[in-house]
$ cat coords33.csv   # CSV, N, CA and C atoms
chain,number,residue,atom,x,y,z
Q,205,MET,N,80.2,173.0,147.5
Q,205,MET,CA,79.9,172.0,146.6
Q,205,MET,C,78.4,171.6,146.8
Q,206,SER,N,77.7,171.3,145.8
Q,206,SER,CA,76.3,171.0,145.9
Q,206,SER,C,76.1,169.5,146.2
Q,207,PHE,N,75.0,169.1,146.7
Q,207,PHE,CA,74.7,167.7,147.0
Q,207,PHE,C,74.9,166.8,145.8
Q,208,SER,N,74.4,167.2,144.7
Q,208,SER,CA,74.6,166.4,143.5
Q,208,SER,C,76.1,166.1,143.2
Q,209,GLU,N,76.9,167.2,143.3
Q,209,GLU,CA,78.3,167.0,143.1
Q,209,GLU,C,79.0,166.1,144.1
Q,210,ASP,N,78.5,166.2,145.4
Q,210,ASP,CA,79.0,165.3,146.4
Q,210,ASP,C,78.8,163.8,146.1
Q,211,ILE,N,77.6,163.5,145.7
Q,211,ILE,CA,77.2,162.1,145.3
Q,211,ILE,C,78.1,161.7,144.2
Q,212,LYS,N,78.2,162.5,143.2
Q,212,LYS,CA,79.0,162.1,142.0
Q,212,LYS,C,80.5,161.9,142.4
Q,213,LYS,N,81.0,162.7,143.3
Q,213,LYS,CA,82.3,162.6,143.8
Q,213,LYS,C,82.6,161.3,144.5
Q,214,ILE,N,81.6,160.9,145.3
Q,214,ILE,CA,81.7,159.7,146.1
Q,214,ILE,C,81.7,158.5,145.1
Q,215,ARG,N,80.8,158.5,144.1
Q,215,ARG,CA,80.8,157.4,143.1
Q,215,ARG,C,82.0,157.3,142.3
Q,216,ARG,N,82.5,158.5,141.9
Q,216,ARG,CA,83.8,158.5,141.1
Q,216,ARG,C,85.0,158.0,141.9
Q,217,LYS,N,85.0,158.4,143.1
Q,217,LYS,CA,86.2,157.9,144.0
Q,217,LYS,C,86.2,156.4,144.1
Q,218,ALA,N,85.0,155.8,144.0
Q,218,ALA,CA,84.9,154.3,144.1
Q,218,ALA,C,85.0,153.7,142.7
Q,219,PHE,N,85.2,154.5,141.7
Q,219,PHE,CA,85.4,154.1,140.3
Q,219,PHE,C,84.2,153.2,139.8
Q,220,LEU,N,83.0,153.7,140.1
Q,220,LEU,CA,81.7,153.0,139.8
Q,220,LEU,C,80.9,153.7,138.9
Q,221,SER,N,80.1,153.0,138.0
Q,221,SER,CA,79.1,153.7,137.2
Q,221,SER,C,77.9,154.0,138.1
Q,222,GLN,N,77.0,154.7,137.6
Q,222,GLN,CA,75.8,155.0,138.4
Q,222,GLN,C,75.0,153.7,138.7
Q,223,GLU,N,75.0,152.8,137.8
Q,223,GLU,CA,74.3,151.5,138.0
Q,223,GLU,C,75.0,150.7,139.1
Q,224,GLU,N,76.3,150.6,139.0
Q,224,GLU,CA,77.1,149.9,140.0
Q,224,GLU,C,76.9,150.5,141.4
Q,225,PHE,N,77.0,151.8,141.5
Q,225,PHE,CA,76.9,152.4,142.8
Q,225,PHE,C,75.5,152.2,143.3
Q,226,ALA,N,74.5,152.3,142.5
Q,226,ALA,CA,73.1,152.0,142.9
Q,226,ALA,C,73.0,150.7,143.5
Q,227,LYS,N,73.5,149.7,142.9
Q,227,LYS,CA,73.4,148.3,143.4
Q,227,LYS,C,74.1,148.2,144.8
Q,228,LYS,N,75.3,148.8,144.9
Q,228,LYS,CA,76.0,148.8,146.2
Q,228,LYS,C,75.2,149.3,147.3
Q,229,ILE,N,74.4,150.4,147.1
Q,229,ILE,CA,73.7,151.0,148.2
Q,229,ILE,C,72.2,150.6,148.2
Q,230,GLY,N,71.8,149.8,147.3
Q,230,GLY,CA,70.4,149.2,147.3
Q,230,GLY,C,69.3,150.2,146.8
Q,231,VAL,N,69.7,151.0,145.8
Q,231,VAL,CA,68.7,151.8,145.1
Q,231,VAL,C,68.8,151.6,143.6
Q,232,SER,N,67.9,152.2,142.9
Q,232,SER,CA,67.9,152.0,141.4
Q,232,SER,C,68.8,152.9,140.8
Q,233,PHE,N,69.2,152.6,139.5
Q,233,PHE,CA,70.1,153.5,138.7
Q,233,PHE,C,69.4,154.8,138.6
Q,234,ALA,N,68.1,154.8,138.3
Q,234,ALA,CA,67.4,156.1,138.1
Q,234,ALA,C,67.5,157.0,139.3
Q,235,THR,N,67.5,156.4,140.5
Q,235,THR,CA,67.6,157.2,141.7
Q,235,THR,C,68.9,157.9,141.8
Q,236,VAL,N,70.0,157.2,141.5
Q,236,VAL,CA,71.3,157.8,141.6
Q,236,VAL,C,71.4,158.9,140.5
Q,237,ASN,N,70.8,158.6,139.3
Q,237,ASN,CA,70.8,159.6,138.3
Q,237,ASN,C,70.1,160.9,138.7
Q,238,ARG,N,69.0,160.7,139.4
Q,238,ARG,CA,68.2,161.9,139.8
Q,238,ARG,C,69.0,162.7,140.9
Q,239,TRP,N,69.7,161.9,141.8
Q,239,TRP,CA,70.5,162.6,142.8
Q,239,TRP,C,71.6,163.4,142.1
Q,240,GLU,N,72.3,162.8,141.1
Q,240,GLU,CA,73.4,163.5,140.5
Q,240,GLU,C,73.0,164.7,139.6
Q,241,THR,N,71.8,164.6,139.1
Q,241,THR,CA,71.3,165.8,138.3
Q,241,THR,C,70.5,166.8,139.1
Q,242,GLY,N,70.4,166.6,140.4
Q,242,GLY,CA,69.8,167.5,141.3
Q,242,GLY,C,68.3,167.5,141.3
Q,243,LYS,N,67.7,166.4,140.7
Q,243,LYS,CA,66.2,166.3,140.6
Q,243,LYS,C,65.6,165.7,141.9
Q,244,ALA,N,66.5,165.1,142.7
Q,244,ALA,CA,66.0,164.5,144.0
Q,244,ALA,C,67.2,164.4,144.9
Q,245,THR,N,66.9,164.1,146.2
Q,245,THR,CA,67.9,163.9,147.2
Q,245,THR,C,67.5,162.7,148.0
Q,246,PRO,N,68.4,161.9,148.6
Q,246,PRO,CA,68.1,160.7,149.3
Q,246,PRO,C,67.5,161.1,150.7
Q,247,ASN,N,66.7,160.2,151.3
Q,247,ASN,CA,66.2,160.5,152.6
Q,247,ASN,C,67.4,160.1,153.6
Q,248,PHE,N,67.1,160.4,154.9
Q,248,PHE,CA,68.2,160.2,155.8
Q,248,PHE,C,68.6,158.7,156.0
Q,249,LYS,N,67.7,157.8,155.8
Q,249,LYS,CA,68.0,156.4,155.9
Q,249,LYS,C,69.0,156.0,154.8
Q,250,THR,N,68.7,156.5,153.6
Q,250,THR,CA,69.6,156.2,152.5
Q,250,THR,C,71.0,156.9,152.6
Q,251,MET,N,71.0,158.1,153.2
Q,251,MET,CA,72.2,158.8,153.5
Q,251,MET,C,73.1,157.9,154.4
Q,252,LYS,N,72.4,157.3,155.4
Q,252,LYS,CA,73.2,156.5,156.3
Q,252,LYS,C,73.8,155.3,155.6
Q,253,LEU,N,73.1,154.7,154.6
Q,253,LEU,CA,73.6,153.6,153.8
Q,253,LEU,C,74.8,154.1,153.0
Q,254,ILE,N,74.7,155.3,152.4
Q,254,ILE,CA,75.9,155.9,151.7
Q,254,ILE,C,77.0,156.1,152.6
Q,255,ASP,N,76.8,156.6,153.8
Q,255,ASP,CA,77.8,156.8,154.8
Q,255,ASP,C,78.5,155.5,155.2
Q,256,ALA,N,77.7,154.4,155.4
Q,256,ALA,CA,78.3,153.1,155.7
Q,256,ALA,C,79.1,152.6,154.5
Q,257,TYR,N,78.7,152.8,153.3
Q,257,TYR,CA,79.4,152.4,152.1
Q,257,TYR,C,80.8,153.1,152.1
Q,258,CYS,N,80.7,154.4,152.3
Q,258,CYS,CA,81.9,155.2,152.3
Q,258,CYS,C,82.9,154.8,153.4
Q,259,LYS,N,82.4,154.5,154.6
Q,259,LYS,CA,83.3,154.1,155.6
Q,259,LYS,C,84.0,152.7,155.3
Q,260,LYS,N,83.2,151.8,154.8
Q,260,LYS,CA,83.7,150.5,154.4
Q,260,LYS,C,84.8,150.6,153.3
Q,261,ASN,N,84.6,151.6,152.5
Q,261,ASN,CA,85.6,151.7,151.3
Q,261,ASN,C,86.5,152.9,151.5
Q,262,ALA,N,86.7,153.4,152.7
Q,262,ALA,CA,87.6,154.5,153.0
Q,262,ALA,C,87.5,155.7,152.1
Q,263,ILE,N,86.2,156.1,151.9
Q,263,ILE,CA,85.9,157.3,151.1
Q,263,ILE,C,85.5,158.4,152.1
Q,264,ASP,N,86.1,159.5,152.1
Q,264,ASP,CA,85.8,160.6,153.0
Q,264,ASP,C,84.3,161.1,152.7
Q,265,PHE,N,83.5,161.0,153.7
Q,265,PHE,CA,82.1,161.4,153.6
Q,265,PHE,C,81.5,161.7,155.0
Q,266,ASP,N,80.8,162.7,155.1
Q,266,ASP,CA,80.1,163.1,156.4
Q,266,ASP,C,78.7,163.4,156.1
Q,267,VAL,N,77.8,162.6,156.6
Q,267,VAL,CA,76.3,162.8,156.4
Q,267,VAL,C,75.9,164.3,156.8
Q,268,CYS,N,76.5,164.8,157.9
Q,268,CYS,CA,76.2,166.1,158.3
Q,268,CYS,C,76.5,167.2,157.2
Q,269,ASP,N,77.6,167.0,156.6
Q,269,ASP,CA,78.0,167.9,155.5
Q,269,ASP,C,77.0,167.9,154.4
Q,270,ILE,N,76.5,166.7,154.0
Q,270,ILE,CA,75.5,166.6,153.0
Q,270,ILE,C,74.2,167.2,153.4
Q,271,VAL,N,73.8,167.0,154.6
Q,271,VAL,CA,72.5,167.6,155.1
Q,271,VAL,C,72.6,169.1,155.1
Q,272,GLU,N,73.8,169.6,155.5
Q,272,GLU,CA,74.0,171.1,155.4
Q,272,GLU,C,73.9,171.6,154.0
Q,273,SER,N,74.6,170.9,153.1
Q,273,SER,CA,74.5,171.4,151.7
Q,273,SER,C,73.2,171.3,151.1
Q,274,LYS,N,72.4,170.3,151.5
Q,274,LYS,CA,71.0,170.1,151.0
Q,274,LYS,C,70.2,171.3,151.5
Q,275,HIS,N,70.3,171.8,152.7
Q,275,HIS,CA,69.5,172.9,153.2
Q,275,HIS,C,70.0,174.2,152.5
Q,276,LYS,N,71.2,174.3,152.1
Q,276,LYS,CA,71.7,175.5,151.4
Q,276,LYS,C,71.1,175.6,150.0
Q,277,ASP,N,70.9,174.5,149.3
Q,277,ASP,CA,70.4,174.5,147.9
Q,277,ASP,C,69.0,175.0,147.8

$ encode --input "coords33.csv" --output "structure tokens"
Amino acid sequence: MSFSEDIKKIRRKAFLSQEEFAKKIGVSFATVNRWETGKATPNFKTMKLIDAYCKKNAIDFDVCDIVESKHKD
């Protein structure tokens, strides 16, 4: 699974729009959109915020898996 698919999967599991997800993790809607279209990837600090959000909301997520998929792309 690609990084962009992983981010989209996390957001959909939380039943959030891109804008809602962006607000939850403290980034802009445009940023989430760029992640999901594969035009950008978050830095490690932001990945840690995504990880914390997932843990808080019982969404299966592992930063290491995302980092590995990022390097494969």

$ residues_around --input "coords33.csv" --residues "stretch 205-214 of chain Q" --least-positions-apart "3" --cutoff "5 Å" --atoms "all atoms listed in the file" --output "short mmCIF file (atom, residue, chain, number, x, y, z; two decimals) with N, CA and C atoms, in the frame of the given file"
data_model
loop_
_atom_site.label_atom_id
_atom_site.label_comp_id
_atom_site.auth_asym_id
_atom_site.auth_seq_id
_atom_site.Cartn_x
_atom_site.Cartn_y
_atom_site.Cartn_z
N LYS Q 217 85.00 158.40 143.10
CA LYS Q 217 86.20 157.90 144.00
C LYS Q 217 86.20 156.40 144.10
N ALA Q 218 85.00 155.80 144.00
CA ALA Q 218 84.90 154.30 144.10
C ALA Q 218 85.00 153.70 142.70
N TRP Q 239 69.70 161.90 141.80
CA TRP Q 239 70.50 162.60 142.80
C TRP Q 239 71.60 163.40 142.10
N GLU Q 240 72.30 162.80 141.10
CA GLU Q 240 73.40 163.50 140.50
C GLU Q 240 73.00 164.70 139.60
#

$ atom_distance --input "coords33.csv" --atom1 "atom CA of Q:Lys227" --atom2 "atom CA of Q:Lys249"
15.8 Å

$ closest_residue --input "coords33.csv" --among "Q:Phe225, Q:Arg215, Q:Phe233, Q:Phe265" --to "Q:Met251" --atoms "only C-alpha atoms"
Q:Phe265

$ atom_distance --input "coords33.csv" --atom1 "atom N of Q:Arg238" --atom2 "atom C of Q:Gln222"
9.2 Å

$ residues_around --input "coords33.csv" --residues "Q:Lys228" --least-positions-apart "4" --cutoff "8 Å" --atoms "all atoms listed in the file" --output "list in words"
Gln222, Glu223, Glu224, Leu253, Ile254 and Tyr257 of chain Q

$ atom_distance --input "coords33.csv" --atom1 "atom CA of Q:Thr241" --atom2 "atom CA of Q:Phe219"
18.4 Å

$ select_by_dssp --input "coords33.csv" --residues "stretch 227-275 of chain Q" --states "helix (DSSP H, G or I)" --output "count of residues only"
33
